[in-house]
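Engineer: My structure file structure.pdb, PDB, C-alpha atoms, is below:
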```
ATOM      1  CA  MET A   1       4.851 -20.021  -5.438
ATOM      2  CA  ALA A   2       3.780 -23.649  -5.192
ATOM      3  CA  VAL A   3       3.394 -24.023  -1.426
ATOM      4  CA  THR A   4      -0.160 -23.530  -0.191
ATOM      5  CA  ARG A   5      -0.456 -20.913   2.555
ATOM      6  CA  ARG A   6      -3.233 -20.528   5.064
ATOM      7  CA  ILE A   7      -4.045 -17.102   6.487
ATOM      8  CA  VAL A   8      -5.853 -17.209   9.818
ATOM      9  CA  VAL A   9      -7.068 -13.999  11.333
ATOM     10  CA  GLY A  10      -7.452 -13.680  15.141
ATOM     11  CA  GLY A  11      -7.012 -11.354  18.148
ATOM     12  CA  VAL A  12      -3.749 -10.069  19.585
ATOM     13  CA  LEU A  13      -4.689  -7.847  22.513
ATOM     14  CA  ALA A  14      -7.970  -6.421  21.277
ATOM     15  CA  ALA A  15     -10.896  -8.173  19.654
ATOM     16  CA  ALA A  16     -10.749  -5.768  16.738
ATOM     17  CA  SER A  17      -7.200  -6.771  15.855
ATOM     18  CA  LEU A  18      -6.404  -9.782  13.668
ATOM     19  CA  LEU A  19      -3.631 -12.332  13.575
ATOM     20  CA  VAL A  20      -2.466 -13.718  10.262
ATOM     21  CA  THR A  21      -0.630 -17.008  10.664
ATOM     22  CA  ALA A  22       1.717 -17.333   7.709
ATOM     23  CA  CYS A  23       3.182 -20.479   6.248
ATOM     24  CA  GLY A  24       6.407 -20.517   8.293
ATOM     25  CA  GLY A  25       5.036 -22.457  11.293
ATOM     26  CA  GLY A  26       6.128 -22.199  14.952
ATOM     27  CA  GLN A  27       5.824 -19.404  17.500
ATOM     28  CA  ILE A  28       6.917 -15.793  17.293
ATOM     29  CA  GLY A  29       9.931 -15.061  19.441
ATOM     30  CA  GLN A  30      11.509 -17.899  21.354
ATOM     31  CA  SER A  31      12.903 -15.647  24.092
ATOM     32  CA  GLY A  32      10.613 -14.570  26.909
ATOM     33  CA  GLY A  33      12.132 -11.340  28.193
ATOM     34  CA  GLY A  34      15.442  -9.547  27.969
ATOM     35  CA  ASP A  35      17.251 -10.251  24.710
ATOM     36  CA  VAL A  36      15.455 -10.330  21.395
ATOM     37  CA  ASN A  37      15.199 -13.480  19.293
ATOM     38  CA  LYS A  38      17.518 -12.638  16.398
ATOM     39  CA  LYS A  39      16.128 -15.388  14.164
ATOM     40  CA  SER A  40      12.557 -14.103  14.383
ATOM     41  CA  MET A  41      10.888 -11.350  12.337
ATOM     42  CA  VAL A  42       7.338 -10.022  12.316
ATOM     43  CA  LEU A  43       5.605  -8.265   9.425
ATOM     44  CA  ILE A  44       2.806  -5.859  10.430
ATOM     45  CA  PRO A  45       1.008  -4.715   7.255
ATOM     46  CA  GLY A  46      -1.510  -1.876   7.113
ATOM     47  CA  VAL A  47      -4.537  -4.167   6.854
ATOM     48  CA  ALA A  48      -5.347  -7.869   6.589
ATOM     49  CA  ALA A  49      -6.461  -9.722   3.458
ATOM     50  CA  GLU A  50      -5.625  -6.951   0.970
ATOM     51  CA  PRO A  51      -3.847  -8.126  -2.209
ATOM     52  CA  PHE A  52      -1.143  -5.455  -1.995
ATOM     53  CA  TYR A  53      -0.139  -6.559   1.492
ATOM     54  CA  ILE A  54      -0.576 -10.248   0.679
ATOM     55  CA  SER A  55       1.873  -9.773  -2.208
ATOM     56  CA  MET A  56       4.248  -8.002   0.165
ATOM     57  CA  GLN A  57       3.913 -10.883   2.627
ATOM     58  CA  CYS A  58       4.707 -13.403  -0.120
ATOM     59  CA  GLY A  59       7.923 -11.582  -0.988
ATOM     60  CA  ALA A  60       8.909 -11.226   2.672
ATOM     61  CA  GLU A  61       8.181 -14.872   3.493
ATOM     62  CA  ALA A  62      10.232 -16.193   0.593
ATOM     63  CA  GLU A  63      13.228 -14.017   1.455
ATOM     64  CA  ALA A  64      13.016 -14.760   5.179
ATOM     65  CA  LYS A  65      12.988 -18.493   4.479
ATOM     66  CA  ALA A  66      15.972 -18.142   2.148
ATOM     67  CA  LYS A  67      17.922 -16.298   4.838
ATOM     68  CA  GLY A  68      16.995 -18.674   7.663
ATOM     69  CA  TYR A  69      14.496 -16.502   9.557
ATOM     70  CA  GLU A  70      11.112 -17.319  11.003
ATOM     71  CA  LEU A  71       8.667 -14.643   9.828
ATOM     72  CA  LYS A  72       5.120 -14.207  11.097
ATOM     73  CA  THR A  73       2.530 -11.722   9.849
ATOM     74  CA  GLN A  74       0.068  -9.886  12.083
ATOM     75  CA  ALA A  75      -2.362  -7.390  10.579
ATOM     76  CA  PRO A  76      -5.274  -5.216  11.720
ATOM     77  CA  ALA A  77      -8.759  -5.725  10.312
ATOM     78  CA  LYS A  78      -8.856  -2.084   9.203
ATOM     79  CA  PHE A  79      -6.219   0.437   8.163
ATOM     80  CA  ASP A  80      -6.412   2.212  11.500
ATOM     81  CA  ALA A  81      -3.865   3.163  14.159
ATOM     82  CA  SER A  82      -6.225   2.170  16.983
ATOM     83  CA  GLN A  83      -6.217  -1.402  15.638
ATOM     84  CA  GLN A  84      -2.544  -1.542  14.694
ATOM     85  CA  THR A  85      -1.274  -0.234  18.050
ATOM     86  CA  PRO A  86      -2.309  -3.267  20.179
ATOM     87  CA  ILE A  87      -0.697  -5.546  17.605
ATOM     88  CA  VAL A  88       2.576  -3.661  18.060
ATOM     89  CA  THR A  89       2.195  -3.978  21.822
ATOM     90  CA  GLY A  90       1.677  -7.730  21.569
ATOM     91  CA  VAL A  91       4.677  -8.124  19.273
ATOM     92  CA  LEU A  92       6.777  -6.066  21.688
ATOM     93  CA  ALA A  93       6.121  -8.591  24.454
ATOM     94  CA  ASN A  94       7.458 -11.423  22.262
ATOM     95  CA  LYS A  95      10.736  -9.597  21.462
ATOM     96  CA  PRO A  96      11.427 -10.612  17.840
ATOM     97  CA  GLY A  97      14.704  -9.476  16.366
ATOM     98  CA  ALA A  98      13.056  -7.244  13.775
ATOM     99  CA  VAL A  99       9.682  -5.812  12.848
ATOM    100  CA  LEU A 100       8.695  -4.813   9.332
ATOM    101  CA  ILE A 101       5.749  -2.426   9.597
ATOM    102  CA  ALA A 102       3.514  -0.291   7.384
ATOM    103  CA  PRO A 103       2.412   2.407   9.867
ATOM    104  CA  THR A 104      -1.264   3.256   9.428
ATOM    105  CA  ASP A 105      -0.772   6.850  10.572
ATOM    106  CA  ASP A 106       2.416   8.860  10.081
ATOM    107  CA  LYS A 107       2.090  10.479  13.526
ATOM    108  CA  ALA A 108      -0.072   8.252  15.718
ATOM    109  CA  MET A 109       2.112   5.169  15.216
ATOM    110  CA  ALA A 110       5.328   6.944  16.228
ATOM    111  CA  GLY A 111       4.936   6.182  19.949
ATOM    112  CA  PRO A 112       4.204   2.460  19.596
ATOM    113  CA  MET A 113       6.985   2.011  17.045
ATOM    114  CA  LYS A 114       9.473   3.859  19.253
ATOM    115  CA  GLN A 115       8.716   1.297  21.977
ATOM    116  CA  LEU A 116       9.910  -1.406  19.588
ATOM    117  CA  LYS A 117      13.101   0.502  18.904
ATOM    118  CA  ASP A 118      13.726   1.171  22.615
ATOM    119  CA  ALA A 119      13.373  -2.572  23.313
ATOM    120  CA  GLY A 120      16.231  -3.319  20.928
ATOM    121  CA  ILE A 121      14.003  -4.537  18.090
ATOM    122  CA  LYS A 122      15.123  -3.480  14.598
ATOM    123  CA  VAL A 123      12.350  -1.482  12.920
ATOM    124  CA  VAL A 124      11.968  -1.336   9.131
ATOM    125  CA  GLU A 125       9.154   0.581   7.431
ATOM    126  CA  VAL A 126       7.528  -1.044   4.397
ATOM    127  CA  ASP A 127       5.118   0.871   2.143
ATOM    128  CA  THR A 128       4.155   3.690   4.527
ATOM    129  CA  LYS A 129       6.392   5.623   6.918
ATOM    130  CA  LEU A 130       6.389   7.973   9.883
ATOM    131  CA  GLN A 131       7.102  11.669   9.735
ATOM    132  CA  ASP A 132       9.642  10.987  12.501
ATOM    133  CA  THR A 133      12.649   9.553  10.680
ATOM    134  CA  SER A 134      14.521   8.617  13.873
ATOM    135  CA  VAL A 135      12.503   5.461  14.616
ATOM    136  CA  ALA A 136      13.019   3.142  11.637
ATOM    137  CA  LEU A 137      16.408   2.069  10.330
ATOM    138  CA  SER A 138      15.144   1.792   6.761
ATOM    139  CA  SER A 139      12.065   2.740   4.733
ATOM    140  CA  ILE A 140      11.177   0.836   1.575
ATOM    141  CA  SER A 141       8.327   2.122  -0.565
ATOM    142  CA  SER A 142       7.325   3.160  -4.015
ATOM    143  CA  ASN A 143       8.212   6.711  -5.035
ATOM    144  CA  ASN A 144       4.641   7.763  -4.389
ATOM    145  CA  GLU A 145       4.943  11.374  -5.454
ATOM    146  CA  GLN A 146       6.386  10.162  -8.747
ATOM    147  CA  GLY A 147       3.497   7.701  -8.933
ATOM    148  CA  GLY A 148       1.031  10.585  -8.665
ATOM    149  CA  GLN A 149       2.852  12.386 -11.465
ATOM    150  CA  LEU A 150       2.691   9.248 -13.588
ATOM    151  CA  ALA A 151      -1.061   9.038 -12.921
ATOM    152  CA  ALA A 152      -1.518  12.648 -14.064
ATOM    153  CA  ASP A 153       0.455  12.076 -17.259
ATOM    154  CA  THR A 154      -1.437   8.843 -17.945
ATOM    155  CA  LEU A 155      -4.834  10.471 -17.372
ATOM    156  CA  ALA A 156      -3.884  13.418 -19.603
ATOM    157  CA  LYS A 157      -2.894  11.021 -22.374
ATOM    158  CA  LEU A 158      -6.203   9.187 -22.062
ATOM    159  CA  VAL A 159      -8.181  12.445 -22.146
ATOM    160  CA  GLY A 160      -6.279  13.895 -25.095
ATOM    161  CA  ALA A 161      -7.458  17.359 -26.185
ATOM    162  CA  LYS A 162     -10.828  17.055 -24.441
ATOM    163  CA  SER A 163     -11.540  19.664 -21.760
ATOM    164  CA  GLY A 164     -13.072  18.946 -18.382
ATOM    165  CA  SER A 165     -12.501  18.443 -14.682
ATOM    166  CA  VAL A 166     -10.739  15.657 -12.787
ATOM    167  CA  LEU A 167     -11.077  14.401  -9.214
ATOM    168  CA  VAL A 168      -8.682  12.636  -6.837
ATOM    169  CA  LEU A 169     -10.060  10.147  -4.342
ATOM    170  CA  ASN A 170      -7.693   9.849  -1.370
ATOM    171  CA  THR A 171      -7.939   7.430   1.555
ATOM    172  CA  LYS A 172      -7.321   8.889   5.019
ATOM    173  CA  ALA A 173      -5.570  12.127   5.923
ATOM    174  CA  GLY A 174      -2.184  11.307   7.435
ATOM    175  CA  THR A 175      -1.468   8.310   5.198
ATOM    176  CA  SER A 176       2.010   9.105   3.896
ATOM    177  CA  THR A 177       1.784   7.134   0.659
ATOM    178  CA  THR A 178      -1.557   8.350  -0.644
ATOM    179  CA  ASP A 179      -0.921  11.942   0.427
ATOM    180  CA  ALA A 180       2.288  11.873  -1.624
ATOM    181  CA  ARG A 181       0.396  10.471  -4.617
ATOM    182  CA  GLU A 182      -2.134  13.292  -4.456
ATOM    183  CA  LYS A 183       0.648  15.847  -4.146
ATOM    184  CA  GLY A 184       2.450  14.530  -7.214
ATOM    185  CA  PHE A 185      -0.793  14.397  -9.194
ATOM    186  CA  ALA A 186      -1.829  17.930  -8.228
ATOM    187  CA  GLU A 187       1.539  19.360  -9.292
ATOM    188  CA  GLN A 188       1.764  17.449 -12.572
ATOM    189  CA  ILE A 189      -1.798  18.003 -13.773
ATOM    190  CA  LYS A 190      -1.121  21.765 -13.876
ATOM    191  CA  LYS A 191       0.881  21.114 -17.033
ATOM    192  CA  TYR A 192      -2.330  20.329 -18.927
ATOM    193  CA  PRO A 193      -4.391  23.516 -19.459
ATOM    194  CA  ASN A 194      -7.418  21.627 -20.798
ATOM    195  CA  ILE A 195      -7.817  19.776 -17.491
ATOM    196  CA  LYS A 196      -9.251  21.417 -14.371
ATOM    197  CA  TYR A 197      -8.295  19.808 -11.079
ATOM    198  CA  ILE A 198     -11.221  20.099  -8.652
ATOM    199  CA  GLY A 199      -9.297  18.723  -5.673
ATOM    200  CA  GLN A 200      -9.312  15.593  -3.536
ATOM    201  CA  GLN A 201     -11.916  13.899  -1.387
ATOM    202  CA  TYR A 202     -11.172  11.442   1.421
ATOM    203  CA  THR A 203     -12.928   8.074   1.473
ATOM    204  CA  GLU A 204     -11.676   6.663   4.806
ATOM    205  CA  ASP A 205     -10.305   3.787   2.698
ATOM    206  CA  ASP A 206     -13.873   2.585   2.176
ATOM    207  CA  ALA A 207     -15.063   1.455  -1.260
ATOM    208  CA  ALA A 208     -18.693   2.376  -0.548
ATOM    209  CA  GLN A 209     -17.697   5.939   0.354
ATOM    210  CA  ALA A 210     -15.590   6.165  -2.803
ATOM    211  CA  ALA A 211     -18.565   5.080  -4.909
ATOM    212  CA  SER A 212     -20.918   7.624  -3.338
ATOM    213  CA  LYS A 213     -18.407  10.466  -3.683
ATOM    214  CA  VAL A 214     -17.944   9.718  -7.369
ATOM    215  CA  THR A 215     -21.693   9.808  -8.013
ATOM    216  CA  ALA A 216     -22.067  13.030  -6.000
ATOM    217  CA  THR A 217     -19.205  14.649  -7.919
ATOM    218  CA  LEU A 218     -20.799  13.684 -11.236
ATOM    219  CA  SER A 219     -23.940  15.538 -10.166
ATOM    220  CA  SER A 220     -22.073  18.713  -9.233
ATOM    221  CA  ASN A 221     -19.496  18.506 -12.032
ATOM    222  CA  PRO A 222     -21.144  17.154 -15.191
ATOM    223  CA  ASP A 223     -17.912  17.915 -17.116
ATOM    224  CA  LEU A 224     -15.990  15.301 -15.099
ATOM    225  CA  ILE A 225     -13.663  13.480 -17.497
ATOM    226  CA  GLY A 226     -11.271  11.755 -15.120
ATOM    227  CA  VAL A 227     -10.808  10.240 -11.668
ATOM    228  CA  PHE A 228      -7.537   9.262 -10.030
ATOM    229  CA  ALA A 229      -8.080   6.801  -7.170
ATOM    230  CA  THR A 230      -5.043   6.674  -4.893
ATOM    231  CA  ASN A 231      -5.337   3.077  -3.709
ATOM    232  CA  LEU A 232      -7.036  -0.271  -4.210
ATOM    233  CA  ASN A 233     -10.225   0.301  -2.197
ATOM    234  CA  THR A 234     -10.899   3.764  -3.590
ATOM    235  CA  GLY A 235     -10.292   2.471  -7.111
ATOM    236  CA  GLU A 236     -12.729  -0.403  -6.751
ATOM    237  CA  GLY A 237     -15.286   1.941  -5.202
ATOM    238  CA  ALA A 238     -14.827   4.551  -7.932
ATOM    239  CA  ALA A 239     -15.424   1.892 -10.586
ATOM    240  CA  THR A 240     -18.676   0.957  -8.845
ATOM    241  CA  GLY A 241     -19.764   4.605  -8.682
ATOM    242  CA  LEU A 242     -19.148   5.167 -12.384
ATOM    243  CA  ARG A 243     -20.960   1.940 -13.229
ATOM    244  CA  THR A 244     -23.972   2.974 -11.131
ATOM    245  CA  ALA A 245     -24.077   6.348 -12.874
ATOM    246  CA  GLY A 246     -23.781   4.771 -16.312
ATOM    247  CA  ARG A 247     -20.527   6.620 -16.986
ATOM    248  CA  THR A 248     -18.072   3.722 -17.257
ATOM    249  CA  GLY A 249     -15.571   4.499 -19.991
ATOM    250  CA  GLN A 250     -16.898   8.029 -20.423
ATOM    251  CA  VAL A 251     -15.023   9.165 -17.323
ATOM    252  CA  ASN A 252     -11.447   7.888 -17.458
ATOM    253  CA  LEU A 253     -10.557   6.036 -14.263
ATOM    254  CA  VAL A 254      -6.904   5.674 -13.303
ATOM    255  CA  GLY A 255      -6.386   3.441 -10.289
ATOM    256  CA  PHE A 256      -3.361   2.936  -8.068
ATOM    257  CA  ASP A 257      -2.419  -0.701  -7.456
ATOM    258  CA  ALA A 258      -3.210  -3.833  -9.442
ATOM    259  CA  SER A 259      -5.454  -6.062  -7.345
ATOM    260  CA  PRO A 260      -7.239  -8.992  -9.021
ATOM    261  CA  LYS A 261     -10.475  -6.954  -9.112
ATOM    262  CA  GLU A 262      -8.696  -3.946 -10.603
ATOM    263  CA  VAL A 263      -7.006  -6.104 -13.227
ATOM    264  CA  ASP A 264     -10.398  -7.559 -14.117
ATOM    265  CA  GLY A 265     -11.684  -3.993 -14.308
ATOM    266  CA  LEU A 266      -8.905  -3.074 -16.708
ATOM    267  CA  LYS A 267      -9.907  -6.005 -18.900
ATOM    268  CA  ASP A 268     -13.615  -5.120 -18.976
ATOM    269  CA  GLY A 269     -13.135  -1.357 -19.346
ATOM    270  CA  SER A 270     -14.077  -0.268 -15.805
ATOM    271  CA  PHE A 271     -10.530   1.117 -15.465
ATOM    272  CA  GLN A 272      -8.612   2.786 -18.258
ATOM    273  CA  ALA A 273      -5.232   2.527 -16.529
ATOM    274  CA  LEU A 274      -3.562   1.259 -13.355
ATOM    275  CA  ILE A 275      -0.430   2.569 -11.648
ATOM    276  CA  ALA A 276       1.039  -0.643 -10.255
ATOM    277  CA  GLN A 277       3.558  -0.992  -7.457
ATOM    278  CA  ASP A 278       5.911  -3.888  -6.707
ATOM    279  CA  PRO A 279       4.853  -5.015  -3.206
ATOM    280  CA  ALA A 280       6.662  -8.369  -3.319
ATOM    281  CA  THR A 281       9.948  -6.557  -3.824
ATOM    282  CA  ILE A 282       9.112  -4.172  -0.975
ATOM    283  CA  GLY A 283       8.649  -7.194   1.328
ATOM    284  CA  LYS A 284      11.843  -8.837   0.097
ATOM    285  CA  LEU A 285      13.911  -5.690   0.580
ATOM    286  CA  GLY A 286      12.390  -5.173   4.028
ATOM    287  CA  VAL A 287      13.725  -8.564   5.108
ATOM    288  CA  ASP A 288      17.110  -7.780   3.552
ATOM    289  CA  GLN A 289      17.422  -4.510   5.473
ATOM    290  CA  ALA A 290      16.353  -6.140   8.741
ATOM    291  CA  ASP A 291      18.891  -8.906   8.104
ATOM    292  CA  ASP A 292      21.641  -6.309   7.635
ATOM    293  CA  ALA A 293      20.695  -4.598  10.901
ATOM    294  CA  LEU A 294      20.641  -7.880  12.831
ATOM    295  CA  ASN A 295      24.094  -8.755  11.495
ATOM    296  CA  GLY A 296      25.771  -5.464  12.359
ATOM    297  CA  LYS A 297      25.586  -3.902   8.910
ATOM    298  CA  THR A 298      24.200  -0.438   8.216
ATOM    299  CA  PRO A 299      20.815  -0.594   6.458
ATOM    300  CA  THR A 300      20.011   1.732   3.564
ATOM    301  CA  ARG A 301      17.829   4.511   4.960
ATOM    302  CA  GLU A 302      15.530   5.078   1.941
ATOM    303  CA  ILE A 303      14.874   2.580  -0.845
ATOM    304  CA  PRO A 304      12.437   3.422  -3.681
ATOM    305  CA  THR A 305      10.821   0.667  -5.735
ATOM    306  CA  ASN A 306       9.398   0.577  -9.252
ATOM    307  CA  LEU A 307       6.057   1.860 -10.508
ATOM    308  CA  VAL A 308       4.534   1.187 -13.908
ATOM    309  CA  ALA A 309       1.490   2.536 -15.770
ATOM    310  CA  ILE A 310      -0.574  -0.313 -17.254
ATOM    311  CA  THR A 311      -3.351  -0.036 -19.830
ATOM    312  CA  LYS A 312      -5.459  -2.748 -21.444
ATOM    313  CA  ALA A 313      -3.180  -2.638 -24.489
ATOM    314  CA  ASP A 314      -0.024  -3.543 -22.581
ATOM    315  CA  MET A 315      -1.337  -5.483 -19.579
ATOM    316  CA  ASP A 316      -0.071  -8.887 -20.746
ATOM    317  CA  LYS A 317       3.565  -7.811 -20.830
ATOM    318  CA  ASN A 318       3.223  -6.219 -17.377
ATOM    319  CA  SER A 319       1.509  -9.158 -15.681
ATOM    320  CA  GLN A 320       4.414  -9.579 -13.226
ATOM    321  CA  TYR A 321       3.069  -6.483 -11.442
ATOM    322  CA  PHE A 322      -0.390  -7.967 -10.774
ATOM    323  CA  TYR A 323      -1.040  -8.500  -7.064
ATOM    324  CA  LYS A 324      -1.771 -11.851  -5.428
ATOM    325  CA  SER A 325      -4.741 -12.971  -3.361
ATOM    326  CA  SER A 326      -2.638 -15.775  -1.834
ATOM    327  CA  CYS A 327       0.970 -16.955  -1.886
ATOM    328  CA  SER A 328       0.093 -20.280  -3.531
ATOM    329  CA  GLY A 329       0.349 -20.890  -7.258
TER     330      GLY A 329
END
```
Could I get this file's structure written as structure tokens?

Structural biologist:
Amino acid sequence: MAVTRRIVVGGVLAAASLLVTACGGGQIGQSGGGDVNKKSMVLIPGVAAEPFYISMQCGAEAEAKAKGYELKTQAPAKFDASQQTPIVTGVLANKPGAVLIAPTDDKAMAGPMKQLKDAGIKVVEVDTKLQDTSVALSSISSNNEQGGQLAADTLAKLVGAKSGSVLVLNTKAGTSTTDAREKGFAEQIKKYPNIKYIGQQYTEDDAAQAASKVTATLSSNPDLIGVFATNLNTGEGAATGLRTAGRTGQVNLVGFDASPKEVDGLKDGSFQALIAQDPATIGKLGVDQADDALNGKTPTREIPTNLVAITKADMDKNSQYFYKSSCSG
């Protein structure tokens, strides 16, 4: 994408919440009260400045522009319902025609998102989703349980006949995507009798916590031969923990996502494999489903998107799955 984009982060209703001004220009929602602005959409990712969500934003922006919509992106500083909720409230006051949102908690965000729906705003879930299926018209995400299974199979292939224990690093309890990844992994790894699954640990989506939990697990489980990190931050933190312990390459690290840092880690051997999503397509399809809803068509309720396992040997042919740090270039 050749157009340079500037992301500016600022407050919506609370100082802890950030505003990302995307490359579309103009103001969100041209109508003050009453009817929604049917040519306006807002994307509310799970967190600001994360390559997965930036890639999603790039896909959404390009599709919105092609379909004649103004799309703005507003994101919290942290993946946290207490920071995402005031953003939803601020968006509600502007009455856009549709909101694409990655709820940061599958229960806590139900109330705020239902307010959008009750105001006549079309709600589409991208990446994560609520337990309550009555709020959003469509949910677009990777098949995360299948992604966890793919991670287990990939880790087992890397380990081969060697025996030992494996750990899953999850993010926050109540995050629909990563919980599904752990579930798929836990079920699939049972097929490999030489591998002992010692369970999951939560990192609060913090790389430093992921690093410390890896080093602590190495102390209590010296037979550790594998780690599956369920998202970008836990993966980067796990790589740091293994590096600190001098176990890089000895403990096979399978990460979820393909951020620039993770791709670099795959190149230098910090990661042995990545399970990559297709966030740009998730953003594109989110706009398409919102467009259908705004034009009286029935959106597709559930849409799964592709996942691919990438190793150093095949990373060049899978480079289209690498995430972006900006929408330029």

Engineer: Translate the PyMOL selection byres ((chain A and resi 104) around 8), as applied to the file shown, into an explicit residue set as a PyMOL selection string.

Structural biologist: chain A and resi 46+79-81+84+102-103+105-106+109+128+175

Engineer: Quick one: contact table of stretch 263-308 of chain A to stretch 212-235 of chain A, 12 Å max, nearest atom pair and distance in Å to one decimal per residue, counting only C-alpha atoms, chain and number order, as a tab-separated table?

Structural biologist:
```
residue	atom	partner	partner_atom	distance
A:Val263	CA	A:Leu232	CA	10.7
A:Gly265	CA	A:Gly235	CA	9.8
A:Leu266	CA	A:Gly235	CA	11.2
A:Ser270	CA	A:Gly235	CA	9.9
A:Phe271	CA	A:Gly235	CA	8.5
A:Gln272	CA	A:Gly226	CA	9.9
A:Ala273	CA	A:Phe228	CA	9.6
A:Leu274	CA	A:Gly235	CA	9.3
A:Ile275	CA	A:Thr230	CA	9.2
A:Ala276	CA	A:Asn231	CA	9.9
A:Gln277	CA	A:Asn231	CA	10.5
```

Engineer: So which one's closest to A:Gln250, A:Lys39, A:Lys162, A:Lys117, A:Lys72? Using all atoms listed in the file, please.

Structural biologist: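 Among the listed residues, A:Lys162 lies closest to A:Gln250.
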
Engineer: Return the single residue from A:Ala161, A:Leu285, A:Ile195, A:Leu167 that is closest to A:Gly255, with distances computed using only C-alpha atoms.

Structural biologist: A:Leu167

Engineer: Enter the distance from atom CA of A:Leu92 to atom CA of A:Gln57, in Å, rounded to one decimal.

Structural biologist: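 Taking atom CA of A:Leu92 as the start and atom CA of A:Gln57 as the end point, the length is 19.9 Å.
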
Engineer: Using only C-alpha atoms, which protein or nucleic acid residues come within 12 Å of A:Thr281? Drop anything in the same chain fewer than 3 positions from it, and give the result as a PyMOL selection string.

Structural biologist: chain A and resi 52-53+55-63+126-127+140-142+277-278+284-288+303-307+320-321+323

Engineer: By how many Å are atom CA of A:Thr177 and atom CA of A:Ser326 apart?

Structural biologist: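 Rounded to one decimal, the two atoms are 23.5 Å apart.
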
Engineer: So how far away is atom CA of A:Leu169 from atom CA of A:Ala239, in Å?

Structural biologist: 11.7 Å

Engineer: Evaluated on this file, the PyMOL selection byres ((chain A and resi 196-202) around 7) picks out some residues - which ones are they, written as a PyMOL selection string?

Structural biologist: chain A and resi 164-172+194-195+203-204

Engineer: Excluding A:Gly184 and residues on its chain fewer than 5 positions from it, collect all residues at most 8 Å away from it, counting only C-alpha atoms, and give them as a PyMOL selection string.

Structural biologist: chain A and resi 144-149

Engineer: Residues at most 6 Å from A:Glu125, counting all atoms listed in the file, excluding those fewer than 4 positions away in the same chain, as an MDAnalysis selection string?

Structural biologist: chainID A and resid 100:102 129 139

Engineer: List the residues selected by the PyMOL selection byres ((chain A and resi 94-99) around 7) in the file shown, writing them as number ranges by chain.

Structural biologist: A: 28-29, 31-32, 36-43, 90-93, 100-101, 121-124, 290

Engineer: I'd like the contact shell of A:Asp132 - 10 Å cut-off, all atoms listed in the file, skipping same-chain residues fewer than 2 positions apart - returned as a list of chain:residue names.

Structural biologist: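 My list of contacting residues is A:Asp106, A:Lys107, A:Met109, A:Ala110, A:Lys114, A:Lys129, A:Leu130, A:Ser134, A:Val135, A:Ala136.
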
Engineer: A:Asp316, A:Asp292, A:Asp205, A:Asp264: which is nearest A:Val47, counting only C-alpha atoms?

Structural biologist: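 Under the stated criterion, the closest residue is A:Asp205.
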